[in-house]
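The next block is structure_34.cif, given as mmCIF, C-alpha atoms and all ligand atoms.
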```cif
data_input
loop_
_atom_site.label_atom_id
_atom_site.label_comp_id
_atom_site.auth_asym_id
_atom_site.auth_seq_id
_atom_site.Cartn_x
_atom_site.Cartn_y
_atom_site.Cartn_z
CA MET E 1 -35.21 6.57 20.24
CA ALA E 2 -31.47 5.81 20.44
CA LYS E 3 -29.20 7.86 18.19
CA LYS E 4 -28.29 6.13 14.94
CA ALA E 5 -24.68 4.82 14.67
CA SER E 6 -22.80 6.96 12.15
CA ASN E 7 -21.55 4.00 10.07
CA TYR E 8 -25.08 3.03 9.04
CA LEU E 9 -26.48 4.45 5.80
CA THR E 10 -29.82 6.23 5.86
CA LEU E 11 -32.42 5.30 3.25
CA ARG E 12 -31.77 8.59 1.49
CA GLU E 13 -27.99 8.00 1.40
CA SER E 14 -28.50 4.46 0.18
CA ARG E 15 -30.78 5.63 -2.66
CA LYS E 16 -28.27 8.32 -3.59
CA ILE E 17 -25.46 5.71 -3.84
CA ILE E 18 -27.61 3.39 -5.97
CA ARG E 19 -28.54 6.23 -8.35
CA TYR E 20 -24.87 7.27 -8.60
CA ASN E 21 -23.76 3.66 -9.22
CA LEU E 22 -26.32 3.11 -11.98
CA LYS E 23 -25.21 6.28 -13.73
CA GLN E 24 -21.52 5.36 -13.49
CA MET E 25 -22.02 1.73 -14.59
CA LYS E 26 -24.10 2.84 -17.58
CA TYR E 27 -21.44 5.35 -18.56
CA TYR E 28 -18.53 2.85 -18.43
CA GLU E 29 -20.49 0.04 -20.12
CA LYS E 30 -21.42 2.40 -22.95
CA LEU E 31 -17.77 3.36 -23.34
CA LYS E 32 -16.87 -0.33 -23.65
CA ARG E 33 -19.52 -1.05 -26.29
CA ARG E 34 -18.45 1.89 -28.46
CA LYS E 35 -16.81 0.95 -31.78
CA ARG E 36 -13.16 1.92 -31.69
CA ALA E 37 -10.54 2.40 -34.39
CA ALA E 38 -7.25 0.52 -33.88
CA GLU E 39 -5.42 3.82 -33.16
CA GLU E 40 -7.56 4.33 -30.06
CA TYR E 41 -6.22 1.23 -28.35
CA THR E 42 -2.66 1.17 -29.64
CA THR E 43 -0.01 3.21 -27.92
CA VAL E 44 3.78 3.22 -27.60
CA MET E 45 5.94 1.52 -24.99
CA ARG E 46 7.95 3.75 -22.66
CA ASP E 47 10.73 1.14 -22.66
CA GLU E 48 10.80 -1.68 -25.22
CA GLY E 49 12.62 -3.93 -22.75
CA ASN E 50 9.33 -4.18 -20.85
CA LEU E 51 6.63 -6.67 -21.70
CA LEU E 52 3.95 -4.93 -19.67
CA GLU E 53 3.73 -1.40 -18.34
CA ILE E 54 0.96 -0.51 -15.90
CA GLU E 55 0.53 3.20 -15.32
CA GLY E 56 -1.88 4.91 -12.93
CA LEU E 57 -4.34 1.99 -13.02
CA LYS E 58 -7.56 2.65 -11.10
CA THR E 59 -10.17 -0.09 -10.79
CA CYS E 60 -13.23 0.35 -8.60
CA PHE E 61 -16.37 -1.51 -7.62
CA PHE E 62 -19.66 0.35 -7.39
CA THR E 63 -21.21 -1.36 -4.35
CA ASP E 64 -24.37 -0.58 -2.38
CA SER E 65 -22.26 0.85 0.44
CA GLY E 66 -20.24 3.11 -1.84
CA THR E 67 -17.41 3.05 -4.36
CA VAL E 68 -14.62 0.63 -3.36
CA MET E 69 -11.30 1.83 -4.81
CA SER E 70 -9.70 -1.61 -5.04
CA VAL E 71 -6.81 -0.47 -7.22
CA ASN E 72 -6.02 3.18 -6.70
CA GLY E 73 -3.32 4.36 -9.10
CA VAL E 74 -1.00 1.38 -9.48
CA THR E 75 2.18 1.84 -11.56
CA PHE E 76 4.80 -0.84 -12.24
CA ASP E 77 6.51 -2.65 -15.13
CA VAL E 78 7.03 -6.30 -15.98
CA PRO E 79 10.31 -6.57 -17.94
CA LYS E 80 10.81 -9.28 -20.58
CA ASN E 81 12.06 -12.66 -19.27
CA LYS E 82 11.77 -11.64 -15.62
CA VAL E 83 9.71 -12.73 -12.62
CA VAL E 84 7.97 -9.84 -10.88
CA GLY E 85 6.58 -10.62 -7.44
CA VAL E 86 3.54 -8.71 -6.19
CA VAL E 87 3.18 -8.83 -2.40
CA GLY E 88 0.62 -7.38 -0.03
CA GLU E 89 -1.85 -8.38 2.62
CA SER E 90 -5.30 -9.76 1.88
CA GLY E 91 -7.61 -7.28 0.17
CA CYS E 92 -4.89 -4.89 -1.05
CA GLY E 93 -5.93 -5.30 -4.70
CA LYS E 94 -3.48 -7.88 -6.06
CA SER E 95 -6.13 -10.05 -7.71
CA VAL E 96 -8.08 -7.06 -9.03
CA THR E 97 -4.86 -5.75 -10.66
CA SER E 98 -4.33 -9.10 -12.38
CA LEU E 99 -7.98 -9.34 -13.44
CA SER E 100 -7.71 -5.82 -14.88
CA ILE E 101 -4.75 -6.99 -17.03
CA MET E 102 -6.89 -9.87 -18.32
CA GLN E 103 -9.98 -7.62 -18.75
CA LEU E 104 -11.82 -9.98 -16.42
CA VAL E 105 -13.00 -7.57 -13.72
CA GLN E 106 -16.55 -8.45 -12.72
CA ALA E 107 -18.68 -6.02 -14.77
CA PRO E 108 -20.84 -3.96 -14.57
CA GLN E 109 -20.09 -3.15 -10.91
CA GLY E 110 -16.32 -3.51 -11.39
CA GLN E 111 -14.82 -1.00 -13.82
CA ILE E 112 -11.37 0.24 -14.78
CA VAL E 113 -11.87 3.99 -14.46
CA ASP E 114 -8.41 5.32 -15.29
CA GLY E 115 -4.87 4.45 -16.31
CA GLN E 116 -3.07 2.51 -19.02
CA ILE E 117 -1.96 -1.12 -19.31
CA ARG E 118 0.50 -1.31 -22.20
CA PHE E 119 1.23 -4.78 -23.58
CA ASN E 120 4.27 -5.10 -25.85
CA SER E 121 2.85 -7.41 -28.52
CA GLU E 122 5.13 -8.92 -31.17
CA SER E 123 2.33 -8.62 -33.73
CA LEU E 124 2.49 -4.83 -33.59
CA GLY E 125 5.34 -3.12 -35.35
CA ARG E 126 6.76 0.35 -34.86
CA ASP E 127 5.39 3.83 -35.52
CA GLU E 128 6.92 6.37 -37.96
CA GLU E 129 9.36 7.53 -35.31
CA GLY E 130 10.59 3.96 -34.73
CA ARG E 131 8.96 3.57 -31.31
CA LYS E 132 7.61 0.13 -30.36
CA LEU E 133 3.83 -0.04 -30.59
CA ALA E 134 1.79 -1.68 -27.84
CA TYR E 135 -1.82 -2.54 -27.03
CA ASP E 136 -3.55 -0.46 -24.39
CA ILE E 137 -5.56 -3.20 -22.67
CA VAL E 138 -7.76 -0.69 -20.79
CA ARG E 139 -9.18 0.66 -24.04
CA MET E 140 -9.12 -2.55 -26.07
CA PRO E 141 -12.50 -3.92 -27.29
CA THR E 142 -13.38 -7.35 -25.84
CA GLN E 143 -13.37 -8.91 -29.30
CA GLU E 144 -9.75 -7.82 -29.83
CA MET E 145 -8.80 -8.98 -26.35
CA TYR E 146 -9.57 -12.58 -27.42
CA SER E 147 -6.49 -12.44 -29.66
CA ILE E 148 -4.14 -12.02 -26.67
CA ARG E 149 -6.03 -13.43 -23.66
CA GLY E 150 -5.19 -17.11 -23.17
CA LYS E 151 -2.50 -16.92 -25.87
CA ASP E 152 -0.03 -14.13 -25.09
CA ILE E 153 -1.24 -13.56 -21.53
CA THR E 154 -2.43 -16.47 -19.40
CA MET E 155 -3.38 -16.85 -15.79
CA ILE E 156 -2.95 -19.55 -13.15
CA PHE E 157 -5.61 -19.17 -10.48
CA GLN E 158 -5.26 -19.70 -6.75
CA GLU E 159 -7.59 -22.71 -6.34
CA PRO E 160 -7.32 -25.24 -9.21
CA MET E 161 -10.48 -27.13 -8.18
CA THR E 162 -12.65 -24.09 -8.85
CA SER E 163 -10.93 -23.36 -12.18
CA LEU E 164 -11.20 -26.89 -13.61
CA ASN E 165 -14.64 -28.06 -14.69
CA PRO E 166 -15.60 -31.05 -12.47
CA VAL E 167 -17.79 -32.74 -15.12
CA PHE E 168 -15.18 -32.96 -17.89
CA THR E 169 -12.01 -35.04 -18.00
CA ILE E 170 -8.61 -33.37 -17.79
CA GLY E 171 -8.04 -34.49 -21.40
CA SER E 172 -11.11 -32.82 -22.84
CA GLN E 173 -10.32 -29.58 -20.99
CA LEU E 174 -6.73 -29.61 -22.24
CA ASP E 175 -7.85 -30.46 -25.79
CA GLU E 176 -10.13 -27.43 -25.71
CA VAL E 177 -7.08 -25.23 -25.14
CA ALA E 178 -5.19 -27.03 -27.94
CA PHE E 179 -8.11 -26.38 -30.34
CA LEU E 180 -8.21 -22.74 -29.29
CA MET E 181 -4.53 -22.38 -30.20
CA ASN E 182 -4.86 -24.36 -33.41
CA PRO E 183 -8.48 -24.56 -34.66
CA LYS E 184 -7.48 -26.76 -37.64
CA ALA E 185 -5.95 -29.53 -35.46
CA THR E 186 -7.44 -33.03 -35.62
CA LYS E 187 -8.62 -34.78 -32.44
CA GLU E 188 -5.49 -36.98 -32.42
CA GLU E 189 -3.18 -33.99 -32.80
CA ALA E 190 -4.90 -32.17 -29.94
CA LYS E 191 -4.60 -35.27 -27.72
CA ALA E 192 -0.90 -35.66 -28.57
CA GLN E 193 -0.30 -32.02 -27.69
CA SER E 194 -2.23 -32.32 -24.41
CA ILE E 195 -0.24 -35.40 -23.38
CA GLU E 196 2.99 -33.61 -24.31
CA MET E 197 1.97 -30.69 -22.08
CA LEU E 198 1.17 -33.03 -19.17
CA LYS E 199 4.63 -34.60 -19.56
CA LYS E 200 6.24 -31.18 -19.61
CA VAL E 201 4.74 -30.22 -16.24
CA GLY E 202 6.07 -33.40 -14.64
CA ILE E 203 2.99 -35.67 -14.54
CA SER E 204 4.38 -39.21 -14.53
CA MET E 205 1.46 -41.11 -16.15
CA PRO E 206 0.14 -38.55 -18.65
CA GLU E 207 -2.05 -41.02 -20.64
CA HIS E 208 -3.81 -42.12 -17.46
CA THR E 209 -4.20 -38.54 -16.16
CA TYR E 210 -5.62 -37.50 -19.55
CA ASP E 211 -8.70 -39.66 -18.86
CA CYS E 212 -9.13 -38.65 -15.20
CA TYR E 213 -11.67 -36.22 -13.78
CA PRO E 214 -10.33 -33.33 -11.64
CA HIS E 215 -11.56 -34.89 -8.36
CA GLU E 216 -9.41 -37.97 -9.02
CA LEU E 217 -6.21 -35.91 -8.87
CA SER E 218 -4.32 -34.52 -5.89
CA GLY E 219 -4.05 -30.75 -5.32
CA GLY E 220 -0.48 -30.66 -6.66
CA MET E 221 -1.46 -32.55 -9.84
CA ARG E 222 -4.43 -30.25 -10.43
CA GLN E 223 -2.17 -27.24 -10.11
CA ARG E 224 0.23 -28.84 -12.62
CA VAL E 225 -2.71 -29.32 -15.02
CA MET E 226 -3.55 -25.62 -14.61
CA ILE E 227 0.08 -24.76 -15.42
CA ALA E 228 -0.07 -27.05 -18.48
CA MET E 229 -3.19 -25.21 -19.66
CA ALA E 230 -1.56 -21.84 -19.10
CA LEU E 231 1.57 -22.85 -21.02
CA ALA E 232 -0.18 -24.48 -23.98
CA GLY E 233 -0.07 -21.40 -26.20
CA ASN E 234 3.55 -20.40 -25.42
CA PRO E 235 2.48 -17.27 -23.57
CA LYS E 236 4.64 -14.19 -23.19
CA LEU E 237 3.23 -13.38 -19.77
CA ILE E 238 1.94 -15.75 -17.10
CA ILE E 239 0.01 -14.22 -14.23
CA ALA E 240 0.20 -16.64 -11.31
CA ASP E 241 -2.26 -15.55 -8.60
CA GLU E 242 -1.10 -17.32 -5.43
CA PRO E 243 -0.42 -20.56 -7.34
CA THR E 244 0.79 -22.47 -4.30
CA THR E 245 -1.41 -21.22 -1.44
CA ALA E 246 -3.62 -24.34 -1.52
CA LEU E 247 -0.64 -26.74 -1.50
CA ASP E 248 1.62 -28.15 1.21
CA VAL E 249 5.20 -26.94 1.52
CA THR E 250 6.98 -29.75 -0.38
CA ILE E 251 4.56 -29.61 -3.34
CA GLN E 252 4.77 -25.81 -3.19
CA ALA E 253 8.55 -26.00 -3.67
CA GLN E 254 8.15 -28.41 -6.62
CA ILE E 255 5.54 -26.21 -8.35
CA LEU E 256 7.70 -23.10 -7.89
CA GLU E 257 10.74 -24.93 -9.24
CA LEU E 258 8.66 -26.07 -12.23
CA LEU E 259 7.43 -22.54 -12.91
CA ARG E 260 10.98 -21.18 -12.70
CA GLU E 261 12.30 -23.87 -15.10
CA LEU E 262 9.49 -23.30 -17.60
CA GLN E 263 9.97 -19.54 -17.40
CA LYS E 264 13.67 -19.98 -18.27
CA SER E 265 13.12 -22.56 -21.04
CA GLN E 266 10.21 -20.76 -22.71
CA GLY E 267 11.61 -17.27 -22.20
CA CYS E 268 8.43 -15.72 -20.79
CA SER E 269 7.75 -13.33 -17.92
CA ILE E 270 5.83 -14.19 -14.77
CA MET E 271 3.83 -11.87 -12.57
CA LEU E 272 3.76 -13.82 -9.33
CA ILE E 273 1.17 -12.75 -6.78
CA THR E 274 1.56 -13.96 -3.23
CA HIS E 275 1.57 -12.93 0.40
CA ASP E 276 4.45 -15.27 1.15
CA LEU E 277 7.76 -13.40 1.24
CA GLY E 278 9.63 -16.72 1.19
CA VAL E 279 8.17 -17.54 -2.23
CA ILE E 280 9.18 -14.10 -3.49
CA ALA E 281 12.75 -14.48 -2.19
CA GLU E 282 13.07 -17.77 -4.05
CA MET E 283 11.50 -16.73 -7.33
CA ALA E 284 11.35 -13.02 -8.03
CA ASP E 285 13.81 -10.74 -9.80
CA GLU E 286 11.77 -7.64 -8.98
CA VAL E 287 9.28 -7.00 -6.19
CA VAL E 288 6.24 -4.73 -5.95
CA ILE E 289 4.76 -4.14 -2.47
CA MET E 290 1.08 -3.14 -2.46
CA TYR E 291 -0.96 -1.65 0.36
CA ALA E 292 -4.66 -0.67 0.21
CA GLY E 293 -4.77 -0.54 -3.60
CA ARG E 294 -1.51 1.36 -4.08
CA VAL E 295 2.11 0.42 -4.74
CA ILE E 296 4.08 1.62 -1.73
CA GLU E 297 7.51 0.29 -2.64
CA ARG E 298 9.14 -1.40 -5.59
CA GLY E 299 12.66 -2.51 -6.39
CA THR E 300 14.84 -5.49 -7.20
CA ALA E 301 14.51 -8.51 -4.86
CA GLN E 302 17.96 -7.64 -3.47
CA GLU E 303 16.86 -4.09 -2.57
CA ILE E 304 13.55 -5.12 -1.01
CA PHE E 305 15.09 -7.89 1.09
CA HIS E 306 18.36 -6.24 2.10
CA SER E 307 17.35 -2.59 2.35
CA PRO E 308 13.57 -2.33 2.77
CA LEU E 309 12.55 1.31 3.27
CA HIS E 310 8.79 1.66 3.80
CA PRO E 311 7.78 0.95 7.43
CA TYR E 312 5.18 -1.53 6.08
CA THR E 313 7.83 -3.50 4.12
CA VAL E 314 10.07 -3.49 7.21
CA GLY E 315 7.07 -4.79 9.25
CA LEU E 316 6.40 -7.53 6.68
CA GLN E 317 10.02 -8.68 6.88
CA LYS E 318 9.84 -8.73 10.68
CA SER E 319 6.64 -10.81 10.67
CA LYS E 320 8.35 -13.61 8.70
CA PRO E 321 9.17 -16.72 10.81
CA LEU E 322 12.92 -17.40 10.88
CA ILE E 323 14.80 -20.58 11.65
CA THR E 324 16.93 -18.53 14.08
CA SER E 325 13.85 -17.25 16.01
CA LYS E 326 13.78 -18.35 19.66
CA ALA E 327 11.22 -21.06 20.50
CA GLY E 328 8.14 -19.70 22.24
CA GLU E 329 8.82 -16.13 21.11
CA PRO E 330 5.60 -14.71 19.57
CA LEU E 331 5.79 -13.72 15.90
CA TYR E 332 5.76 -9.98 15.18
CA SER E 333 2.51 -8.69 13.70
CA ILE E 334 1.87 -5.20 12.35
CA PRO E 335 -0.66 -3.52 14.70
CA GLY E 336 -3.95 -2.08 13.43
CA GLN E 337 -5.93 -2.67 10.27
CA VAL E 338 -6.05 -1.61 6.62
CA PRO E 339 -8.33 1.47 6.22
CA ASN E 340 -11.84 1.08 4.82
CA PRO E 341 -11.49 1.09 1.00
CA ILE E 342 -14.60 3.31 0.72
CA ASN E 343 -13.75 7.03 1.08
CA LEU E 344 -10.00 6.63 1.51
CA PRO E 345 -8.34 9.80 2.87
CA ASP E 346 -5.76 11.79 0.89
CA THR E 347 -3.13 11.08 3.53
CA CYS E 348 -0.77 8.11 3.86
CA TYR E 349 -2.96 4.99 4.29
CA PHE E 350 -0.42 3.35 6.61
CA ARG E 351 -0.31 6.38 8.97
CA ASN E 352 -2.40 4.84 11.76
CA ARG E 353 -0.24 1.71 11.93
CA CYS E 354 3.13 3.42 11.55
CA ASP E 355 5.49 4.20 14.44
CA ARG E 356 7.69 6.54 12.39
CA CYS E 357 5.07 9.08 11.32
CA VAL E 358 6.07 12.68 10.55
CA GLN E 359 3.73 15.68 10.30
CA LYS E 360 3.53 15.49 6.49
CA CYS E 361 2.01 11.97 6.67
CA GLY E 362 -1.31 13.41 7.87
CA GLU E 363 -1.37 16.18 5.25
CA LYS E 364 -0.94 14.57 1.84
CA TYR E 365 -0.48 11.16 0.19
CA PRO E 366 3.28 10.69 -0.43
CA PRO E 367 4.51 10.63 -4.06
CA ASP E 368 6.79 7.85 -5.40
CA ILE E 369 10.25 8.86 -4.22
CA ARG E 370 13.09 7.46 -6.32
CA VAL E 371 15.91 6.15 -4.16
CA THR E 372 17.94 4.37 -6.85
CA ASP E 373 17.25 3.72 -10.57
CA THR E 374 15.23 0.64 -9.67
CA HIS E 375 14.02 1.40 -6.14
CA THR E 376 11.06 3.71 -5.40
CA VAL E 377 9.15 4.21 -2.17
CA ALA E 378 5.97 6.16 -1.33
CA CYS E 379 6.87 7.48 2.12
CA TRP E 380 7.55 11.01 3.41
CA LEU E 381 10.54 9.74 5.43
CA TYR E 382 12.62 9.50 2.28
CA GLY E 383 12.25 12.87 0.62
CA GLU E 384 10.09 15.70 -0.56
CA GLU E 385 7.90 16.11 -3.63
CA GLU E 386 9.94 16.87 -6.77
N1 LIG I 401 -16.65 -8.35 -7.03
C1 LIG I 401 -16.32 -7.48 -6.08
N2 LIG I 401 -17.24 -6.62 -5.57
C2 LIG I 401 -16.92 -5.72 -4.62
N3 LIG I 401 -15.68 -5.57 -4.09
C3 LIG I 401 -14.72 -6.39 -4.56
C4 LIG I 401 -14.98 -7.39 -5.56
N4 LIG I 401 -13.81 -8.05 -5.83
C5 LIG I 401 -12.89 -7.50 -5.02
N5 LIG I 401 -13.42 -6.52 -4.26
C6 LIG I 401 -12.71 -5.69 -3.26
O1 LIG I 401 -11.50 -5.25 -3.82
C7 LIG I 401 -10.48 -5.25 -2.84
C8 LIG I 401 -9.27 -5.97 -3.35
O2 LIG I 401 -9.56 -7.32 -3.54
P1 LIG I 401 -8.54 -8.39 -4.13
O3 LIG I 401 -9.29 -9.63 -4.40
O4 LIG I 401 -7.78 -7.79 -5.26
O5 LIG I 401 -7.53 -8.60 -2.90
P2 LIG I 401 -6.22 -9.48 -2.88
O6 LIG I 401 -5.07 -8.54 -2.64
O7 LIG I 401 -6.15 -10.35 -4.07
O8 LIG I 401 -6.45 -10.33 -1.56
P3 LIG I 401 -6.11 -11.88 -1.27
O9 LIG I 401 -4.66 -11.89 -0.87
O10 LIG I 401 -7.00 -12.22 -0.11
O11 LIG I 401 -6.41 -12.68 -2.49
C9 LIG I 401 -11.06 -5.86 -1.57
O12 LIG I 401 -11.34 -4.81 -0.67
C10 LIG I 401 -12.33 -6.52 -2.04
O13 LIG I 401 -13.32 -6.43 -1.05
MG MG I 402 -6.36 -12.46 -4.40
#
```

The structure in this file should be written as structure tokens.
Ligand SMILES: Nc1ncnc2c1ncn2[C@@H]1O[C@H](COP(=O)(O)OP(=O)(O)OP(=O)(O)O)[C@@H](O)[C@H]1O
Ligand SMILES: [Mg+2]
Amino acid sequence: MAKKASNYLTLRESRKIIRYNLKQMKYYEKLKRRKRAAEEYTTVMRDEGNLLEIEGLKTCFFTDSGTVMSVNGVTFDVPKNKVVGVVGESGCGKSVTSLSIMQLVQAPQGQIVDGQIRFNSESLGRDEEGRKLAYDIVRMPTQEMYSIRGKDITMIFQEPMTSLNPVFTIGSQLDEVAFLMNPKATKEEAKAQSIEMLKKVGISMPEHTYDCYPHELSGGMRQRVMIAMALAGNPKLIIADEPTTALDVTIQAQILELLRELQKSQGCSIMLITHDLGVIAEMADEVVIMYAGRVIERGTAQEIFHSPLHPYTVGLQKSKPLITSKAGEPLYSIPGQVPNPINLPDTCYFRNRCDRCVQKCGEKYPPDIRVTDTHTVACWLYGEEE
């Protein structure tokens, strides 16, 4: 008989993984169901100028082929009134990071196993030492999460057609949000608010659109409806997960402009997820670059665009089409592939695709090296461990 390929699991290995997964899922689900006192899920902000602080976040999926470390120790901040762009190639954990913030990771196989997500809520005061209190979303019971999800933190999903219910009119879906924000509102008040929201996001015939079903609207209009829904409760943080990927370039520009205007007028923060560097250049104040579930570089938009440091960020910049590029010249693409998220090594994940490797890259995963006050990079080329 031919020798078995090494990347196939034996029956024994497969059973072992299933047993391990069941044990882990049971453990984390039990932790979630446990009654918790408010002190267990309140913490203090490191900097009160931040709206959200993510520290060492680890989210994994217990799958039949092994544990997928989708988010593997992500740390970054979202300051108040700022747009933070999160960039990275497909599968690097951008959506799982945002779902972790909303406590919407697909359970029981998906679990947040470590880290803190601190949300600077206005409703929490200060502790005895005068430090600003915050919610720790990782440890927050689901029942408590309802008080901030959809109100203080909202999300705009990538594909509006799958997020809107096809059997209800736009009006009834918007009214539902209005009732959630104000349960005592009458039907007329909810309708007036919904129409007001549709006007705000630039829909020219709001009364007509109110009675339409999602399939009767164009992609751009549906995305505007999604933005209207997200803005209904005056949120502090909007997570926009690739809000313009399904749209053509002109509509994309309009939607981005709208988001920027609303962010300025409402004074909220946006966490903008995308793999389009052009969108980031136009919108973001700060940029976080992710690779295989980790943050590899972060800094202000100026720093990331004018002095990118990590070889992956430099590669991303090079792979962007430019108006000055010569016709017929092939676009640069980073060679190789992202490593398998199961059993990731403790060395730099970009090592096999990097042309500037040093010996240290194959020995240990690089720490975050601080280059300026706002710019950090996880690469051995820029320093040693502190
Ligand atoms: N429900 C799930 N079960 C198992 N693995 C999952 C699940 N959801 C996500 N993953 C894995 O987590 C990793 C990160 O996925 P994620 O959706 O966050 O990528 P992404 O950066 O948002 O990519 P894209 O740009 O394509 O949206 C991927 O390797 C994916 O296979
Ligand atoms: Mg995604």

Compile a residue-level contact table for chain E against ligand MG 402 (chain I) at a cut-off of 9 Å, reporting for every qualifying residue the shortest atom pair and its distance in Å to one decimal, with all atoms listed in the file counted, rows ordered by chain and ascending number, as a Markdown table.
```
| residue | atom | partner | partner_atom | distance |
| --- | --- | --- | --- | --- |
| E:Ser90 | CA | I:MG402 | MG | 6.9 |
| E:Gly91 | CA | I:MG402 | MG | 7.0 |
| E:Cys92 | CA | I:MG402 | MG | 8.4 |
| E:Gly93 | CA | I:MG402 | MG | 7.2 |
| E:Lys94 | CA | I:MG402 | MG | 5.7 |
| E:Ser95 | CA | I:MG402 | MG | 4.1 |
| E:Val96 | CA | I:MG402 | MG | 7.3 |
| E:Ser98 | CA | I:MG402 | MG | 8.9 |
| E:Gln158 | CA | I:MG402 | MG | 7.7 |
| E:Asp241 | CA | I:MG402 | MG | 6.6 |
| E:Glu242 | CA | I:MG402 | MG | 7.2 |
| E:Ile273 | CA | I:MG402 | MG | 7.9 |
| E:Thr274 | CA | I:MG402 | MG | 8.1 |
```

List all protein, DNA and RNA residues that have an atom no more than 10 Å from any atom of ligand LIG 401 (chain I), counting only C-alpha atoms and all ligand atoms, and report them as JSON, numbers by chain. {"E": [59, 60, 61, 62, 63, 64, 65, 66, 67, 68, 69, 70, 71, 86, 87, 88, 89, 90, 91, 92, 93, 94, 95, 96, 97, 98, 99, 100, 105, 106, 107, 108, 109, 110, 158, 241, 242, 245, 273, 274, 275, 276, 290, 291, 292, 293, 338, 339, 340, 341, 342]}

Next, dump the selected residues to file, keeping only C-alpha atoms, as an mmCIF file, in the coordinates of the input.
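Writing done, so here's selection32.cif:
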```cif
data_model
loop_
_atom_site.group_PDB
_atom_site.id
_atom_site.type_symbol
_atom_site.label_atom_id
_atom_site.label_comp_id
_atom_site.auth_asym_id
_atom_site.auth_seq_id
_atom_site.Cartn_x
_atom_site.Cartn_y
_atom_site.Cartn_z
ATOM 1 C CA THR E 59 -10.170 -0.090 -10.790
ATOM 2 C CA CYS E 60 -13.230 0.350 -8.600
ATOM 3 C CA PHE E 61 -16.370 -1.510 -7.620
ATOM 4 C CA PHE E 62 -19.660 0.350 -7.390
ATOM 5 C CA THR E 63 -21.210 -1.360 -4.350
ATOM 6 C CA ASP E 64 -24.370 -0.580 -2.380
ATOM 7 C CA SER E 65 -22.260 0.850 0.440
ATOM 8 C CA GLY E 66 -20.240 3.110 -1.840
ATOM 9 C CA THR E 67 -17.410 3.050 -4.360
ATOM 10 C CA VAL E 68 -14.620 0.630 -3.360
ATOM 11 C CA MET E 69 -11.300 1.830 -4.810
ATOM 12 C CA SER E 70 -9.700 -1.610 -5.040
ATOM 13 C CA VAL E 71 -6.810 -0.470 -7.220
ATOM 14 C CA VAL E 86 3.540 -8.710 -6.190
ATOM 15 C CA VAL E 87 3.180 -8.830 -2.400
ATOM 16 C CA GLY E 88 0.620 -7.380 -0.030
ATOM 17 C CA GLU E 89 -1.850 -8.380 2.620
ATOM 18 C CA SER E 90 -5.300 -9.760 1.880
ATOM 19 C CA GLY E 91 -7.610 -7.280 0.170
ATOM 20 C CA CYS E 92 -4.890 -4.890 -1.050
ATOM 21 C CA GLY E 93 -5.930 -5.300 -4.700
ATOM 22 C CA LYS E 94 -3.480 -7.880 -6.060
ATOM 23 C CA SER E 95 -6.130 -10.050 -7.710
ATOM 24 C CA VAL E 96 -8.080 -7.060 -9.030
ATOM 25 C CA THR E 97 -4.860 -5.750 -10.660
ATOM 26 C CA SER E 98 -4.330 -9.100 -12.380
ATOM 27 C CA LEU E 99 -7.980 -9.340 -13.440
ATOM 28 C CA SER E 100 -7.710 -5.820 -14.880
ATOM 29 C CA VAL E 105 -13.000 -7.570 -13.720
ATOM 30 C CA GLN E 106 -16.550 -8.450 -12.720
ATOM 31 C CA ALA E 107 -18.680 -6.020 -14.770
ATOM 32 C CA PRO E 108 -20.840 -3.960 -14.570
ATOM 33 C CA GLN E 109 -20.090 -3.150 -10.910
ATOM 34 C CA GLY E 110 -16.320 -3.510 -11.390
ATOM 35 C CA GLN E 158 -5.260 -19.700 -6.750
ATOM 36 C CA ASP E 241 -2.260 -15.550 -8.600
ATOM 37 C CA GLU E 242 -1.100 -17.320 -5.430
ATOM 38 C CA THR E 245 -1.410 -21.220 -1.440
ATOM 39 C CA ILE E 273 1.170 -12.750 -6.780
ATOM 40 C CA THR E 274 1.560 -13.960 -3.230
ATOM 41 C CA HIS E 275 1.570 -12.930 0.400
ATOM 42 C CA ASP E 276 4.450 -15.270 1.150
ATOM 43 C CA MET E 290 1.080 -3.140 -2.460
ATOM 44 C CA TYR E 291 -0.960 -1.650 0.360
ATOM 45 C CA ALA E 292 -4.660 -0.670 0.210
ATOM 46 C CA GLY E 293 -4.770 -0.540 -3.600
ATOM 47 C CA VAL E 338 -6.050 -1.610 6.620
ATOM 48 C CA PRO E 339 -8.330 1.470 6.220
ATOM 49 C CA ASN E 340 -11.840 1.080 4.820
ATOM 50 C CA PRO E 341 -11.490 1.090 1.000
ATOM 51 C CA ILE E 342 -14.600 3.310 0.720
#
```

Work out how far apart CA of Pro166 (chain E) and CA of Ala228 (chain E) are and give it in Å to one decimal.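 Taking CA of Pro166 (chain E) and CA of Ala228 (chain E), their separation equals 17.1 Å.
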
Restricting the calculation to all atoms listed in the file, which member of E:Lys360, E:Arg353, E:Arg139, E:Arg131 is positioned closest to Ala37 (chain E)?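 For Ala37 (chain E), the nearest of the given residues is E:Arg139.
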
Pick from E:Cys354, E:Ile289, E:Ala284, E:Ala134 nearest to Gln302 (chain E), counting all atoms listed in the file: E:Ala284

Can you work out which one of E:Gly336, E:Gly85, E:Pro214, E:Gly150 has the shortest atom-to-atom distance to Met283 (chain E), counting all atoms listed in the file? E:Gly85

Which is closest to Asp127 (chain E) among E:Glu39, E:Gln223, E:Glu261, E:Leu198, if we use only C-alpha atoms?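 Comparing E:Glu39, E:Gln223, E:Glu261, E:Leu198 against Asp127 (chain E), the winner is E:Glu39.
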
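The gap separating CA of Leu316 (chain E) from CA of Ile153 (chain E) is 29.8 Å, in Å to one decimal.
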
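Near Pro311 (chain E), within 10 Å and counting all atoms listed in the file, sit Ile296, Leu316, Gln317, Ile334, Phe350, Arg351, Arg353, Cys354, Asp355, Arg356, Cys357, Cys379 and Leu381 of chain E; same-chain residues fewer than 5 positions away were not included.
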